[in-house]
>>> print(open('entry.cif').read())   # mmCIF, C-alpha atoms
data_start
loop_
_atom_site.label_atom_id
_atom_site.label_comp_id
_atom_site.auth_asym_id
_atom_site.auth_seq_id
_atom_site.Cartn_x
_atom_site.Cartn_y
_atom_site.Cartn_z
CA MET A 1 181.58 42.95 -101.76
CA ILE A 2 182.26 46.46 -100.54
CA TYR A 3 184.09 47.19 -97.30
CA VAL A 4 182.98 50.19 -95.25
CA THR A 5 185.11 51.47 -92.39
CA ARG A 6 184.03 53.69 -89.55
CA ARG A 7 186.48 55.23 -87.12
CA ALA A 8 185.97 56.15 -83.46
CA GLU A 9 188.28 57.38 -80.74
CA PHE A 10 188.54 56.83 -77.04
CA SER A 11 191.06 57.70 -74.35
CA ALA A 12 191.88 55.25 -71.60
CA SER A 13 194.61 54.17 -69.25
CA HIS A 14 196.05 50.74 -68.66
CA TYR A 15 199.05 48.80 -67.42
CA TYR A 16 200.43 45.35 -68.13
CA HIS A 17 201.01 42.86 -65.37
CA ASN A 18 200.88 39.09 -64.91
CA PRO A 19 200.29 38.09 -61.27
CA GLN A 20 202.06 34.79 -61.95
CA PHE A 21 205.28 36.59 -62.89
CA THR A 22 207.74 37.85 -60.28
CA PRO A 23 208.09 41.66 -60.00
CA GLU A 24 211.39 41.41 -61.93
CA GLU A 25 209.80 39.29 -64.65
CA ASN A 26 206.94 41.77 -64.95
CA ARG A 27 209.38 44.65 -65.30
CA ARG A 28 211.48 42.76 -67.82
CA VAL A 29 208.57 41.58 -70.00
CA PHE A 30 206.40 44.69 -69.85
CA GLY A 31 208.98 47.44 -69.32
CA LYS A 32 207.48 50.84 -68.58
CA CYS A 33 203.99 49.48 -69.38
CA ASN A 34 204.24 47.66 -66.00
CA ASN A 35 203.83 50.87 -63.94
CA PRO A 36 200.93 49.82 -61.65
CA LEU A 37 199.48 53.32 -61.56
CA GLY A 38 198.75 53.02 -65.25
CA HIS A 39 199.37 55.31 -68.20
CA GLY A 40 197.13 56.44 -71.02
CA HIS A 41 196.63 56.50 -74.76
CA ASN A 42 194.30 58.04 -77.28
CA TYR A 43 193.02 54.97 -79.06
CA THR A 44 191.52 54.92 -82.55
CA VAL A 45 189.25 52.04 -83.50
CA GLU A 46 188.43 51.20 -87.09
CA VAL A 47 185.48 48.90 -87.69
CA THR A 48 185.29 47.45 -91.20
CA VAL A 49 182.06 45.84 -92.37
CA GLY A 50 181.74 43.99 -95.66
CA GLY A 51 178.57 43.50 -97.65
CA ALA A 52 176.73 44.03 -100.91
CA ILE A 53 175.41 47.46 -101.84
CA ASN A 54 171.69 47.67 -101.22
CA PRO A 55 170.29 48.88 -104.58
CA ASP A 56 167.54 50.88 -102.87
CA THR A 57 169.90 53.00 -100.76
CA GLY A 58 173.28 52.65 -102.46
CA MET A 59 174.69 51.70 -99.04
CA VAL A 60 176.14 48.56 -97.49
CA LEU A 61 174.66 49.50 -94.14
CA ASP A 62 173.35 52.54 -92.33
CA LEU A 63 176.49 54.16 -90.94
CA LYS A 64 174.47 55.87 -88.24
CA GLU A 65 173.56 52.41 -86.94
CA LEU A 66 177.24 51.48 -86.80
CA LYS A 67 178.11 54.78 -85.11
CA VAL A 68 175.47 54.24 -82.42
CA LEU A 69 176.55 50.61 -81.90
CA LEU A 70 180.19 51.66 -81.52
CA GLU A 71 179.20 54.38 -79.09
CA GLN A 72 177.00 52.09 -76.98
CA GLU A 73 179.14 48.96 -76.97
CA VAL A 74 182.69 50.31 -77.04
CA ILE A 75 183.05 54.03 -76.35
CA GLN A 76 180.78 54.13 -73.31
CA LEU A 77 182.57 51.08 -71.91
CA MET A 78 186.16 52.18 -72.49
CA ASP A 79 186.33 55.96 -72.91
CA HIS A 80 188.02 57.76 -70.01
CA LYS A 81 188.34 54.49 -68.09
CA PHE A 82 191.14 52.56 -66.46
CA LEU A 83 190.81 49.45 -68.61
CA ASN A 84 192.30 46.98 -66.08
CA LYS A 85 189.97 48.09 -63.29
CA GLU A 86 186.82 49.21 -65.03
CA VAL A 87 186.33 46.91 -68.03
CA PRO A 88 185.38 43.38 -66.89
CA ALA A 89 187.05 41.70 -69.90
CA PHE A 90 190.41 42.99 -68.64
CA ALA A 91 190.05 41.98 -64.99
CA GLN A 92 192.05 38.81 -65.69
CA LYS A 93 193.89 39.59 -68.92
CA ASN A 94 196.12 42.41 -70.01
CA PRO A 95 194.45 45.21 -72.00
CA THR A 96 197.04 45.02 -74.77
CA THR A 97 196.19 46.46 -78.18
CA GLU A 98 195.83 42.86 -79.38
CA ASN A 99 193.36 41.92 -76.64
CA ILE A 100 191.41 45.17 -77.08
CA ALA A 101 190.97 44.39 -80.80
CA VAL A 102 189.67 40.89 -80.01
CA GLU A 103 187.36 42.22 -77.27
CA ILE A 104 185.86 44.88 -79.56
CA TRP A 105 185.24 42.17 -82.16
CA ASN A 106 183.46 40.06 -79.54
CA LEU A 107 181.34 43.03 -78.45
CA LEU A 108 180.30 44.08 -81.95
CA ALA A 109 180.03 40.84 -83.95
CA PRO A 110 176.83 39.54 -82.29
CA LYS A 111 175.09 42.93 -82.48
CA LEU A 112 175.76 43.95 -86.05
CA ALA A 113 172.39 43.83 -87.82
CA HIS A 114 173.57 44.33 -91.40
CA GLY A 115 176.72 43.30 -93.27
CA LYS A 116 179.49 41.05 -92.02
CA LEU A 117 182.11 42.25 -89.58
CA HIS A 118 185.38 42.03 -91.49
CA ARG A 119 188.10 43.62 -89.41
CA ILE A 120 188.73 45.45 -86.15
CA ARG A 121 191.82 47.66 -86.16
CA VAL A 122 192.93 49.35 -82.94
CA TYR A 123 195.61 52.04 -82.96
CA GLU A 124 197.32 52.57 -79.62
CA THR A 125 199.48 55.27 -81.19
CA PRO A 126 199.78 56.27 -84.86
CA ASP A 127 202.83 53.98 -85.03
CA LEU A 128 201.32 50.85 -83.47
CA PHE A 129 198.14 49.00 -84.36
CA ALA A 130 196.60 45.52 -84.14
CA ASP A 131 194.18 43.89 -86.61
CA TYR A 132 191.76 41.07 -85.84
CA TYR A 133 189.67 39.28 -88.47
CA GLY A 134 187.71 37.05 -86.11
CA GLU A 135 189.67 33.88 -86.75
CA MET B 1 193.26 32.84 -83.63
CA MET B 2 195.57 35.22 -85.47
CA VAL B 3 196.14 38.84 -84.57
CA TYR B 4 198.17 41.11 -86.85
CA VAL B 5 200.36 43.72 -85.16
CA THR B 6 201.85 46.56 -87.15
CA ARG B 7 204.57 48.93 -86.08
CA ARG B 8 205.80 51.98 -88.02
CA TYR B 9 209.38 53.14 -88.47
CA ARG B 10 211.04 55.94 -90.42
CA PHE B 11 214.29 56.23 -92.32
CA SER B 12 215.74 58.58 -94.89
CA ALA B 13 217.80 57.47 -97.85
CA GLY B 14 218.96 58.51 -101.29
CA HIS B 15 218.70 56.59 -104.55
CA ARG B 16 218.83 56.77 -108.30
CA LEU B 17 216.70 54.67 -110.64
CA HIS B 18 218.84 53.65 -113.57
CA ASN B 19 219.21 50.50 -115.63
CA GLU B 20 222.65 50.00 -117.23
CA ALA B 21 221.08 47.89 -119.95
CA PHE B 22 218.88 50.78 -121.14
CA SER B 23 220.04 53.63 -123.36
CA ALA B 24 220.23 57.12 -121.84
CA GLU B 25 216.92 58.04 -123.51
CA GLN B 26 215.27 54.86 -122.36
CA ASN B 27 216.38 55.53 -118.78
CA ARG B 28 215.01 59.07 -118.94
CA LEU B 29 211.80 57.82 -120.49
CA VAL B 30 211.24 55.01 -117.95
CA TYR B 31 212.45 56.69 -114.76
CA GLY B 32 211.86 60.39 -115.48
CA LYS B 33 213.35 62.66 -112.83
CA CYS B 34 214.24 59.63 -110.69
CA ASN B 35 217.02 59.03 -113.24
CA ASN B 36 218.91 62.20 -112.21
CA PRO B 37 222.56 60.99 -112.11
CA ASN B 38 223.21 62.81 -108.84
CA GLY B 39 220.42 60.94 -107.08
CA HIS B 40 217.73 62.27 -104.76
CA GLY B 41 216.24 61.25 -101.41
CA HIS B 42 213.07 60.32 -99.56
CA ASN B 43 211.77 60.03 -96.02
CA TYR B 44 210.53 56.46 -96.06
CA LEU B 45 207.79 55.27 -93.72
CA LEU B 46 208.10 51.55 -93.05
CA GLU B 47 205.29 49.37 -91.68
CA VAL B 48 206.18 45.90 -90.43
CA THR B 49 203.28 43.52 -89.73
CA VAL B 50 203.75 40.34 -87.72
CA ALA B 51 201.03 37.74 -87.24
CA GLY B 52 200.49 35.23 -84.48
CA ALA B 53 198.34 34.08 -81.61
CA ILE B 54 198.09 36.17 -78.46
CA ASP B 55 200.30 34.74 -75.70
CA PRO B 56 197.87 34.32 -72.77
CA ALA B 57 200.64 35.06 -70.26
CA THR B 58 201.39 38.52 -71.66
CA GLY B 59 198.41 39.45 -73.84
CA MET B 60 200.87 40.11 -76.65
CA VAL B 61 201.61 38.59 -80.03
CA PHE B 62 205.30 39.55 -79.88
CA ASP B 63 207.59 41.64 -77.71
CA LEU B 64 207.67 45.07 -79.36
CA THR B 65 211.05 45.89 -77.86
CA ALA B 66 212.46 42.81 -79.59
CA LEU B 67 210.72 43.86 -82.83
CA ASP B 68 212.21 47.37 -82.55
CA GLY B 69 215.67 45.88 -81.95
CA ILE B 70 215.50 43.56 -84.96
CA VAL B 71 214.17 46.26 -87.30
CA ALA B 72 216.83 48.72 -86.09
CA GLU B 73 219.65 46.22 -86.53
CA CYS B 74 218.56 44.60 -89.81
CA VAL B 75 216.98 47.54 -91.64
CA LEU B 76 217.39 50.99 -90.15
CA GLU B 77 221.13 50.76 -89.51
CA LYS B 78 221.61 49.44 -93.02
CA PHE B 79 219.52 51.97 -94.93
CA ASP B 80 219.05 55.12 -92.83
CA HIS B 81 221.00 58.08 -94.18
CA LYS B 82 222.56 55.94 -96.88
CA ASN B 83 222.75 56.08 -100.63
CA LEU B 84 220.88 52.89 -101.53
CA ASN B 85 222.76 52.43 -104.82
CA LEU B 86 226.26 53.08 -103.52
CA ASP B 87 226.30 52.36 -99.79
CA THR B 88 224.39 49.06 -99.64
CA GLU B 89 225.06 45.64 -101.07
CA ASN B 90 221.38 45.03 -101.72
CA PHE B 91 221.22 47.23 -104.80
CA ARG B 92 224.44 46.38 -106.63
CA THR B 93 222.50 44.35 -109.19
CA GLN B 94 218.93 45.50 -108.76
CA ILE B 95 217.34 48.91 -109.01
CA PRO B 96 216.42 50.53 -105.67
CA THR B 97 212.77 51.08 -106.48
CA THR B 98 210.49 51.01 -103.47
CA GLU B 99 209.06 47.71 -104.78
CA ASN B 100 212.51 46.12 -104.60
CA LEU B 101 213.25 47.80 -101.28
CA CYS B 102 210.04 46.32 -99.81
CA ARG B 103 211.04 42.82 -100.90
CA GLU B 104 214.60 43.28 -99.64
CA ILE B 105 213.36 44.44 -96.23
CA TYR B 106 210.98 41.47 -96.02
CA GLY B 107 213.93 39.18 -96.80
CA LEU B 108 216.14 40.86 -94.20
CA LEU B 109 213.52 40.64 -91.45
CA ARG B 110 211.84 37.30 -92.00
CA ARG B 111 214.42 34.93 -90.55
CA PRO B 112 215.43 36.97 -87.46
CA LEU B 113 211.80 37.73 -86.59
CA GLU B 114 210.48 34.24 -87.17
CA GLU B 115 213.40 32.75 -85.23
CA ALA B 116 212.84 35.15 -82.33
CA GLY B 117 209.11 34.26 -82.30
CA ALA B 118 209.53 30.58 -83.24
CA GLN B 119 208.15 29.28 -79.94
CA ARG B 120 204.77 30.79 -80.76
CA GLY B 121 204.82 30.33 -84.54
CA LEU B 122 205.23 34.03 -85.34
CA GLN B 123 205.02 34.98 -89.02
CA LEU B 124 206.24 38.09 -90.80
CA ASP B 125 203.00 38.92 -92.59
CA ARG B 126 203.96 41.89 -94.73
CA VAL B 127 206.18 44.89 -95.27
CA ARG B 128 204.69 48.15 -96.47
CA LEU B 129 206.70 51.21 -97.47
CA GLU B 130 205.58 54.74 -98.18
CA GLU B 131 208.12 56.51 -100.36
CA THR B 132 206.14 59.75 -100.10
CA SER B 133 202.71 60.42 -98.63
CA LEU B 134 201.30 59.90 -102.14
CA ASN B 135 202.65 56.46 -102.93
CA SER B 136 203.06 53.23 -101.06
CA PHE B 137 204.20 49.70 -101.83
CA GLU B 138 203.45 46.48 -100.07
CA TYR B 139 205.16 43.08 -100.19
CA VAL B 140 202.87 40.27 -99.08
CA PRO B 141 204.25 36.82 -99.86
CA GLU B 142 201.73 34.11 -100.62
CA ARG B 143 201.17 31.82 -97.67
CA ALA B 144 198.81 28.92 -97.32
CA GLY B 145 195.73 29.88 -95.35
CA ARG B 146 196.51 33.57 -95.10
CA ARG B 147 193.78 36.18 -95.27
CA MET B 148 193.23 38.02 -98.54
CA MET B 149 192.97 41.61 -97.33
#
>>> encode(input="entry.cif", output="structure tokens")
Amino acid sequence: MIYVTRRAEFSASHYYHNPQFTPEENRRVFGKCNNPLGHGHNYTVEVTVGGAINPDTGMVLDLKELKVLLEQEVIQLMDHKFLNKEVPAFAQKNPTTENIAVEIWNLLAPKLAHGKLHRIRVYETPDLFADYYGE
Amino acid sequence: MMVYVTRRYRFSAGHRLHNEAFSAEQNRLVYGKCNNPNGHGHNYLLEVTVAGAIDPATGMVFDLTALDGIVAECVLEKFDHKNLNLDTENFRTQIPTTENLCREIYGLLRRPLEEAGAQRGLQLDRVRLEETSLNSFEYVPERAGRRMM
């Protein structure tokens, strides 16, 4: 088994808010992330795919395929968007780094033609990231 | 469903690698320039990974402000700008290698973090330390059912 990782970047804004919380609760739980006008990050996504090396090509999968899939399924959906308002998955749930990692898994897992999706890592900043392994 | 959240912190500390049970030559042979009796320092980069389910009410695995507070209180205040051999109790009887420091930090953080996140079954997954940009050490205790990578 070899694990191949491809990185992509997108920039988006978001805010955290639970309509069932009072305004004070929202401020207490989410702090400055509760600003309803949103704020932004440069996100980095790492997609790791595991598989055997194809002896004919020496590759686990065609990285171009993965690049195009990431572009179509994730970057076009999230890049330069307000995640709460423009990405349907986040209409009802907070676009936290954790939820973004799970959502990207759900977008990519059914469409990956070769190899097995192993991990989605999402960096919100260089000092904060979330990993999801699909279980 | 488990999501793993990692946060990075930085601290600077001094140390000397030296084993009293070794001869002077043995110490020089085993620890090289890290055996310098006057000590030397590093800028450590610490990664703390917690694992848990996403709380549907917040979208979060754990409150990062609480994580920052616990790491600051239990680790950074203890080790930042300290001589690990002389200023801390943790290295009276063990050598302050980054391997040992990783395990110490895991031990310092596990109970406060898992108590703070007990309602949602939070686990301290691992502690990773970079001593320099060229070397890093990771302490990952064995746990039933945990992922391998």
>>> atom_distance(input="entry.cif", atom1="CA of Asn90 (chain B)", atom2="CA of His18 (chain B)")
14.9 Å
>>> residues_near_point(input="entry.cif", point="(190.5, 46.6, -84.2)", cutoff="9 Å", atoms="only C-alpha atoms", output="PyMOL selection string")
chain A and resi 44-48+97-98+100-105+119-123+129-133
>>> residues_around(input="entry.cif", residues="Asp125 (chain B)", least_positions_apart="4", cutoff="12 Å", atoms="all atoms listed in the file", output="PDB file with C-alpha atoms, in the frame of the given file")
ATOM      1  CA  ASP A 131     194.180  43.890 -86.610  1.00  0.00           C
TER       2      ASP A 131
ATOM      3  CA  MET B   2     195.570  35.220 -85.470  1.00  0.00           C
ATOM      4  CA  VAL B   3     196.140  38.840 -84.570  1.00  0.00           C
ATOM      5  CA  TYR B   4     198.170  41.110 -86.850  1.00  0.00           C
ATOM      6  CA  VAL B   5     200.360  43.720 -85.160  1.00  0.00           C
ATOM      7  CA  THR B   6     201.850  46.560 -87.150  1.00  0.00           C
ATOM      8  CA  GLU B  47     205.290  49.370 -91.680  1.00  0.00           C
ATOM      9  CA  VAL B  48     206.180  45.900 -90.430  1.00  0.00           C
ATOM     10  CA  THR B  49     203.280  43.520 -89.730  1.00  0.00           C
ATOM     11  CA  VAL B  50     203.750  40.340 -87.720  1.00  0.00           C
ATOM     12  CA  ALA B  51     201.030  37.740 -87.240  1.00  0.00           C
ATOM     13  CA  GLY B  52     200.490  35.230 -84.480  1.00  0.00           C
ATOM     14  CA  TYR B 106     210.980  41.470 -96.020  1.00  0.00           C
ATOM     15  CA  GLY B 107     213.930  39.180 -96.800  1.00  0.00           C
ATOM     16  CA  LEU B 109     213.520  40.640 -91.450  1.00  0.00           C
ATOM     17  CA  ARG B 110     211.840  37.300 -92.000  1.00  0.00           C
ATOM     18  CA  LEU B 113     211.800  37.730 -86.590  1.00  0.00           C
ATOM     19  CA  GLU B 114     210.480  34.240 -87.170  1.00  0.00           C
ATOM     20  CA  GLY B 121     204.820  30.330 -84.540  1.00  0.00           C
ATOM     21  CA  GLU B 138     203.450  46.480-100.070  1.00  0.00           C
ATOM     22  CA  TYR B 139     205.160  43.080-100.190  1.00  0.00           C
ATOM     23  CA  VAL B 140     202.870  40.270 -99.080  1.00  0.00           C
ATOM     24  CA  PRO B 141     204.250  36.820 -99.860  1.00  0.00           C
ATOM     25  CA  GLU B 142     201.730  34.110-100.620  1.00  0.00           C
ATOM     26  CA  ARG B 143     201.170  31.820 -97.670  1.00  0.00           C
ATOM     27  CA  ALA B 144     198.810  28.920 -97.320  1.00  0.00           C
ATOM     28  CA  GLY B 145     195.730  29.880 -95.350  1.00  0.00           C
ATOM     29  CA  ARG B 146     196.510  33.570 -95.100  1.00  0.00           C
ATOM     30  CA  ARG B 147     193.780  36.180 -95.270  1.00  0.00           C
ATOM     31  CA  MET B 148     193.230  38.020 -98.540  1.00  0.00           C
ATOM     32  CA  MET B 149     192.970  41.610 -97.330  1.00  0.00           C
TER      33      MET B 149
END
>>> interface_residues(input="entry.cif", of="chain B", to="chain A", cutoff="8 Å", atoms="all atoms listed in the file", output="PyMOL selection string")
chain B and resi 1-9+54+56-61+63
>>> closest_residue(input="entry.cif", among="A:Val87, A:Ile2, A:Leu70, A:Leu108", to="Gly58 (chain A)", atoms="all atoms listed in the file")
A:Ile2
>>> residues_around(input="entry.cif", residues="region 31-46 of chain B", least_positions_apart="3", cutoff="8 Å", atoms="all atoms listed in the file", output="VMD selection string")
chain B and resid 8 to 18 27 to 28 127 to 132
>>> closest_residue(input="entry.cif", among="A:Asn34, A:Asn106, A:Thr22, A:Ser13", to="Leu83 (chain A)", atoms="only C-alpha atoms")
A:Ser13
>>> atom_distance(input="entry.cif", atom1="CA of Arg126 (chain B)", atom2="CA of Cys102 (chain B)")
9.1 Å
>>> residues_near_point(input="entry.cif", point="(212.7, 40.1, -78.1)", cutoff="9 Å", atoms="all atoms listed in the file", output="list in words")
Phe62, Asp63, Leu64, Thr65, Ala66, Leu67, Asp68, Gly69, Ile70, Leu113, Ala116 and Gly117 of chain B
>>> build_atoms(input="entry.cif", residues="region 75-97 of chain B", atoms="N, CA and C atoms", output="mmCIF file, in the coordinates of the input")
data_model
loop_
_atom_site.group_PDB
_atom_site.id
_atom_site.type_symbol
_atom_site.label_atom_id
_atom_site.label_comp_id
_atom_site.auth_asym_id
_atom_site.auth_seq_id
_atom_site.Cartn_x
_atom_site.Cartn_y
_atom_site.Cartn_z
ATOM 1 N N VAL B 75 217.468 46.649 -90.572
ATOM 2 C CA VAL B 75 216.980 47.540 -91.640
ATOM 3 C C VAL B 75 217.470 48.972 -91.448
ATOM 4 N N LEU B 76 217.147 49.548 -90.290
ATOM 5 C CA LEU B 76 217.390 50.990 -90.150
ATOM 6 C C LEU B 76 218.878 51.310 -90.189
ATOM 7 N N GLU B 77 219.685 50.488 -89.499
ATOM 8 C CA GLU B 77 221.130 50.760 -89.510
ATOM 9 C C GLU B 77 221.712 50.594 -90.907
ATOM 10 N N LYS B 78 221.112 49.713 -91.672
ATOM 11 C CA LYS B 78 221.610 49.440 -93.020
ATOM 12 C C LYS B 78 221.252 50.556 -94.012
ATOM 13 N N PHE B 79 220.015 51.071 -93.888
ATOM 14 C CA PHE B 79 219.520 51.970 -94.930
ATOM 15 C C PHE B 79 219.418 53.443 -94.518
ATOM 16 N N ASP B 80 219.318 53.729 -93.227
ATOM 17 C CA ASP B 80 219.050 55.120 -92.830
ATOM 18 C C ASP B 80 220.256 56.016 -93.129
ATOM 19 N N HIS B 81 219.969 57.118 -93.798
ATOM 20 C CA HIS B 81 221.000 58.080 -94.180
ATOM 21 C C HIS B 81 222.082 57.442 -95.041
ATOM 22 N N LYS B 82 221.649 56.568 -95.947
ATOM 23 C CA LYS B 82 222.560 55.940 -96.880
ATOM 24 C C LYS B 82 222.120 56.230 -98.310
ATOM 25 N N ASN B 83 223.070 56.092 -99.210
ATOM 26 C CA ASN B 83 222.750 56.080 -100.630
ATOM 27 C C ASN B 83 222.486 54.619 -100.995
ATOM 28 N N LEU B 84 221.255 54.305 -101.330
ATOM 29 C CA LEU B 84 220.880 52.890 -101.530
ATOM 30 C C LEU B 84 221.702 52.241 -102.643
ATOM 31 N N ASN B 85 221.999 53.009 -103.706
ATOM 32 C CA ASN B 85 222.760 52.430 -104.820
ATOM 33 C C ASN B 85 224.217 52.178 -104.450
ATOM 34 N N LEU B 86 224.806 53.109 -103.711
ATOM 35 C CA LEU B 86 226.260 53.080 -103.520
ATOM 36 C C LEU B 86 226.706 52.542 -102.162
ATOM 37 N N ASP B 87 225.876 52.726 -101.148
ATOM 38 C CA ASP B 87 226.300 52.360 -99.790
ATOM 39 C C ASP B 87 225.827 50.971 -99.359
ATOM 40 N N THR B 88 224.940 50.341 -100.099
ATOM 41 C CA THR B 88 224.390 49.060 -99.640
ATOM 42 C C THR B 88 224.681 47.975 -100.670
ATOM 43 N N GLU B 89 224.805 46.756 -100.155
ATOM 44 C CA GLU B 89 225.060 45.640 -101.070
ATOM 45 C C GLU B 89 223.800 45.190 -101.785
ATOM 46 N N ASN B 90 222.641 45.562 -101.213
ATOM 47 C CA ASN B 90 221.380 45.030 -101.720
ATOM 48 C C ASN B 90 221.038 45.528 -103.122
ATOM 49 N N PHE B 91 221.631 46.661 -103.518
ATOM 50 C CA PHE B 91 221.220 47.230 -104.800
ATOM 51 C C PHE B 91 222.384 47.352 -105.786
ATOM 52 N N ARG B 92 223.355 46.428 -105.654
ATOM 53 C CA ARG B 92 224.440 46.380 -106.630
ATOM 54 C C ARG B 92 223.890 45.922 -107.976
ATOM 55 N N THR B 93 222.983 44.938 -107.935
ATOM 56 C CA THR B 93 222.500 44.350 -109.190
ATOM 57 C C THR B 93 221.020 44.562 -109.427
ATOM 58 N N GLN B 94 220.339 45.188 -108.500
ATOM 59 C CA GLN B 94 218.930 45.500 -108.760
ATOM 60 C C GLN B 94 218.673 46.971 -108.482
ATOM 61 N N ILE B 95 217.618 47.474 -109.071
ATOM 62 C CA ILE B 95 217.340 48.910 -109.010
ATOM 63 C C ILE B 95 216.587 49.223 -107.711
ATOM 64 N N PRO B 96 217.022 50.256 -106.982
ATOM 65 C CA PRO B 96 216.420 50.530 -105.670
ATOM 66 C C PRO B 96 215.059 51.230 -105.769
ATOM 67 N N THR B 97 214.158 50.601 -106.511
ATOM 68 C CA THR B 97 212.770 51.080 -106.480
ATOM 69 C C THR B 97 212.194 50.726 -105.122
#
